[in-house]
$ cat work21.txt   # compact mmCIF, C-alpha atoms
# COMPACT_ATOMS: atom_id res chain seq x y z
CA MET A 14 0.00 0.00 0.00
CA THR A 15 2.77 2.47 0.84
CA SER A 16 4.55 1.76 -2.45
CA ARG A 17 1.37 2.71 -4.35
CA ALA A 18 1.04 5.93 -2.37
CA LEU A 19 4.70 6.71 -2.97
CA ALA A 20 4.32 6.06 -6.72
CA LEU A 21 1.23 8.31 -6.84
CA PHE A 22 3.11 11.05 -4.98
CA PHE A 23 6.01 10.93 -7.46
CA ALA A 24 3.62 10.96 -10.44
CA VAL A 25 1.82 14.05 -9.13
CA ALA A 26 5.09 15.75 -8.19
CA GLY A 27 6.50 14.98 -11.63
CA ALA A 28 3.47 16.49 -13.39
CA ALA A 29 3.67 19.63 -11.26
CA GLY A 30 7.41 19.86 -11.86
CA ALA A 31 6.90 19.51 -15.62
CA ALA A 32 4.53 22.49 -15.64
CA ASP A 33 7.03 24.58 -13.68
CA HIS A 34 9.70 23.47 -16.14
CA GLU A 35 7.66 24.81 -19.07
CA PHE A 36 7.34 28.26 -17.45
CA ASP A 37 11.04 28.34 -16.66
CA ARG A 38 11.86 27.19 -20.20
CA VAL A 39 9.86 30.03 -21.78
CA VAL A 40 11.27 32.65 -19.40
CA SER A 41 14.84 31.48 -19.97
CA ALA A 42 14.33 31.44 -23.74
CA VAL A 43 12.99 35.03 -23.72
CA GLU A 44 15.98 36.15 -21.64
CA LYS A 45 18.45 34.49 -24.00
CA HIS A 46 16.71 35.40 -27.26
CA TYR A 47 16.20 39.08 -26.42
CA GLY A 48 19.22 39.58 -24.14
CA VAL A 49 17.15 40.90 -21.23
CA LYS A 50 16.42 39.85 -17.66
CA ARG A 51 12.98 39.74 -16.08
CA THR A 52 11.96 42.71 -13.98
CA HIS A 53 11.93 42.10 -10.24
CA ILE A 54 8.44 42.58 -8.80
CA PRO A 55 8.41 43.31 -5.05
CA LEU A 56 6.15 41.14 -2.85
CA MET A 57 5.34 38.68 -5.65
CA GLY A 58 5.77 35.80 -3.18
CA VAL A 59 3.17 37.34 -0.87
CA ALA A 60 0.72 37.68 -3.76
CA ASN A 61 1.27 34.04 -4.74
CA LEU A 62 0.72 32.94 -1.13
CA PHE A 63 -2.57 34.86 -1.09
CA VAL A 64 -3.69 33.12 -4.28
CA LYS A 65 -2.74 29.69 -2.89
CA VAL A 66 -4.82 30.32 0.24
CA ALA A 67 -7.78 32.32 -1.11
CA ARG A 68 -8.05 30.53 -4.49
CA PRO A 69 -9.84 33.37 -6.31
CA ALA A 70 -11.91 32.09 -9.25
CA GLY A 71 -10.44 28.60 -8.93
CA THR A 72 -6.82 29.76 -9.19
CA SER A 73 -4.38 27.94 -6.92
CA GLY A 74 -1.05 29.48 -7.90
CA PHE A 75 0.75 31.60 -10.44
CA LYS A 76 4.15 32.68 -11.68
CA LEU A 77 4.81 35.95 -13.45
CA ALA A 78 7.75 37.28 -15.44
CA VAL A 79 7.76 40.77 -16.94
CA PHE A 80 10.41 41.86 -19.41
CA GLU A 81 11.01 45.50 -20.24
CA ASP A 82 13.21 47.25 -22.80
CA LEU A 83 13.06 44.47 -25.39
CA PRO A 84 14.77 45.36 -28.65
CA SER A 85 12.20 46.53 -31.18
CA PRO A 86 11.46 43.67 -33.59
CA PRO A 87 10.92 44.30 -37.29
CA SER A 88 7.24 44.90 -38.08
CA ASP A 89 7.10 41.72 -40.23
CA ASP A 90 8.60 39.53 -37.47
CA GLN A 91 5.33 37.72 -36.55
CA ALA A 92 6.36 34.45 -38.23
CA GLU A 93 9.71 34.46 -36.40
CA LEU A 94 7.93 35.00 -33.08
CA ASP A 95 5.56 32.12 -33.86
CA ARG A 96 8.53 29.84 -34.58
CA PHE A 97 10.21 30.99 -31.37
CA MET A 98 7.11 30.20 -29.25
CA ASP A 99 6.57 26.84 -30.99
CA GLY A 100 10.15 25.94 -30.13
CA VAL A 101 9.93 26.79 -26.42
CA ARG A 102 6.43 25.73 -25.42
CA GLY A 103 7.51 22.16 -24.71
CA LEU A 104 4.64 19.83 -23.77
CA LEU A 105 2.00 22.56 -23.58
CA HIS A 106 -0.90 22.54 -26.04
CA PRO A 107 -1.72 25.73 -27.99
CA LEU A 108 -5.20 27.14 -27.30
CA VAL A 109 -5.20 30.70 -28.64
CA VAL A 110 -2.79 32.77 -30.71
CA THR A 111 -3.54 36.38 -31.59
CA ARG A 112 -1.47 38.81 -33.65
CA SER A 113 -1.81 42.46 -34.50
CA ARG A 114 -0.02 43.53 -37.67
CA ARG A 115 -0.78 47.17 -36.91
CA ASP A 116 0.68 47.20 -33.39
CA GLY A 117 3.15 44.33 -33.73
CA GLU A 118 1.65 42.66 -30.64
CA ALA A 119 1.10 38.94 -30.16
CA SER A 120 -0.45 36.78 -27.45
CA TYR A 121 -0.10 33.04 -26.93
CA ILE A 122 -2.17 30.89 -24.58
CA TYR A 123 -1.11 27.30 -23.93
CA ALA A 124 -2.62 24.64 -21.65
CA GLY A 125 -1.04 21.74 -19.82
CA GLU A 126 -2.50 18.29 -19.30
CA VAL A 127 -6.16 18.34 -18.33
CA GLY A 128 -7.19 16.92 -14.97
CA LYS A 129 -8.97 18.36 -11.95
CA SER A 130 -6.79 21.41 -12.55
CA THR A 131 -4.51 22.50 -15.35
CA GLU A 132 -1.77 25.01 -16.00
CA LEU A 133 -2.31 27.85 -18.44
CA LEU A 134 0.73 29.65 -19.79
CA ILE A 135 0.06 33.05 -21.31
CA ALA A 136 2.77 34.99 -23.12
CA THR A 137 2.21 38.46 -24.56
CA PHE A 138 4.69 40.41 -26.63
CA GLU A 139 4.47 44.11 -27.34
CA ARG A 140 6.99 46.33 -29.10
CA HIS A 141 9.30 46.82 -26.13
CA GLU A 142 7.98 44.48 -23.43
CA ALA A 143 6.81 40.94 -22.84
CA THR A 144 4.88 39.22 -20.07
CA VAL A 145 4.80 35.51 -19.29
CA ILE A 146 2.38 34.16 -16.71
CA GLU A 147 1.60 30.65 -15.63
CA VAL A 148 -1.54 30.07 -13.63
CA THR A 149 -2.93 26.86 -12.14
CA VAL A 150 -6.72 26.81 -12.47
CA ASN A 151 -9.53 24.49 -11.47
CA MET A 152 -10.96 22.95 -14.65
CA GLU A 153 -14.59 23.13 -13.51
CA THR A 154 -14.30 26.85 -12.79
CA LEU A 155 -12.42 27.48 -16.04
CA LEU A 156 -15.10 25.71 -18.08
CA LYS A 157 -17.83 27.72 -16.34
CA MET A 158 -16.00 30.94 -17.19
CA ILE A 159 -15.57 29.91 -20.82
CA GLY A 160 -19.21 28.82 -21.03
CA SER A 161 -20.52 32.08 -19.62
CA PRO A 162 -18.06 34.91 -20.32
CA ASP A 163 -20.67 37.58 -19.53
CA ASN A 164 -20.82 36.34 -15.93
CA ALA A 165 -17.14 35.40 -15.52
CA HIS A 166 -16.44 38.57 -13.53
CA ARG A 167 -18.81 37.31 -10.81
CA MET A 168 -16.40 34.46 -10.03
CA PHE A 169 -13.69 36.98 -9.20
CA ASP A 170 -16.11 38.81 -6.92
CA GLY A 171 -16.73 35.62 -4.94
CA HIS A 172 -20.10 34.74 -6.53
CA HIS A 173 -19.81 31.23 -7.92
CA ASP A 174 -23.34 30.88 -9.29
CA SER A 175 -22.57 31.66 -12.92
CA ASP A 176 -26.05 30.46 -13.91
CA SER A 177 -27.60 33.75 -12.82
CA ASP A 178 -28.86 35.84 -15.73
CA ASP A 179 -29.80 38.94 -13.80
CA GLY A 180 -26.41 40.63 -14.49
CA LYS A 181 -26.00 41.71 -10.85

$ encode --input "work21.txt" --output "structure tokens"
Amino acid sequence: MTSRALALFFAVAGAAGAADHEFDRVVSAVEKHYGVKRTHIPLMGVANLFVKVARPAGTSGFKLAVFEDLPSPPSDDQAELDRFMDGVRGLLHPLVVTRSRRDGEASYIYAGEVGKSTELLIATFERHEATVIEVTVNMETLLKMIGSPDNAHRMFDGHHDSDSDDGK
């Protein structure tokens, strides 16, 4: 019995470690590719502790990296950025990719393996800055938010009955 529990523990720890590895891989690749370091954000650990305890809208943890003063990419560099993100996303599955030719901005949303919870990795690139965030979310809550985007804000306010149509 203890060997089964130990095997389950290592399987869960390995899956969690793999998700952390994907975030670290993307952050490291951005640092190397653009020659910048992430900006230090004071009290980020306290904010993460709050999220782990309070679990707002089904979120149980997050990591955030902000990069400033990125070199300005050429305006036709969207394909290169797509290749870059495809090369660093690892085991994550692409969900959404948006690009703006006018502003030169791009956003990428990737998901980890689906279970009771999953990791979402979101990377946004603007002309001179980039943001990478990984968030662990409860799948049931995420699906409710996707199914009812008009009421999604209620989940952040602490109201979990997304079936309400009164808009209050």

$ closest_residue --input "work21.txt" --among "A:His34, A:Met158, A:Val79, A:Tyr121" --to "Ile54 in chain A" --atoms "only C-alpha atoms"
A:Val79

$ residues_around --input "work21.txt" --residues "Ser130 in chain A" --least-positions-apart "5" --cutoff "7 Å" --atoms "only C-alpha atoms" --output "list in words"
Thr149, Val150, Asn151 and Met152 of chain A

$ axis_aligned_box --input "work21.txt" --around "range 126-134 of chain A" --padding-each-side "3 Å" --output "lines of an AutoDock Vina configuration file"
center_x = -4.1
center_y = 23.3
center_z = -15.9
size_x = 15.7
size_y = 18.7
size_z = 13.8

$ closest_residue --input "work21.txt" --among "A:Phe97, A:Leu77, A:Leu104, A:Val40" --to "Leu56 in chain A" --atoms "all atoms listed in the file"
A:Leu77

$ closest_residue --input "work21.txt" --among "A:Ser161, A:Thr154, A:Ser120, A:Ser73" --to "Leu94 in chain A" --atoms "all atoms listed in the file"
A:Ser120
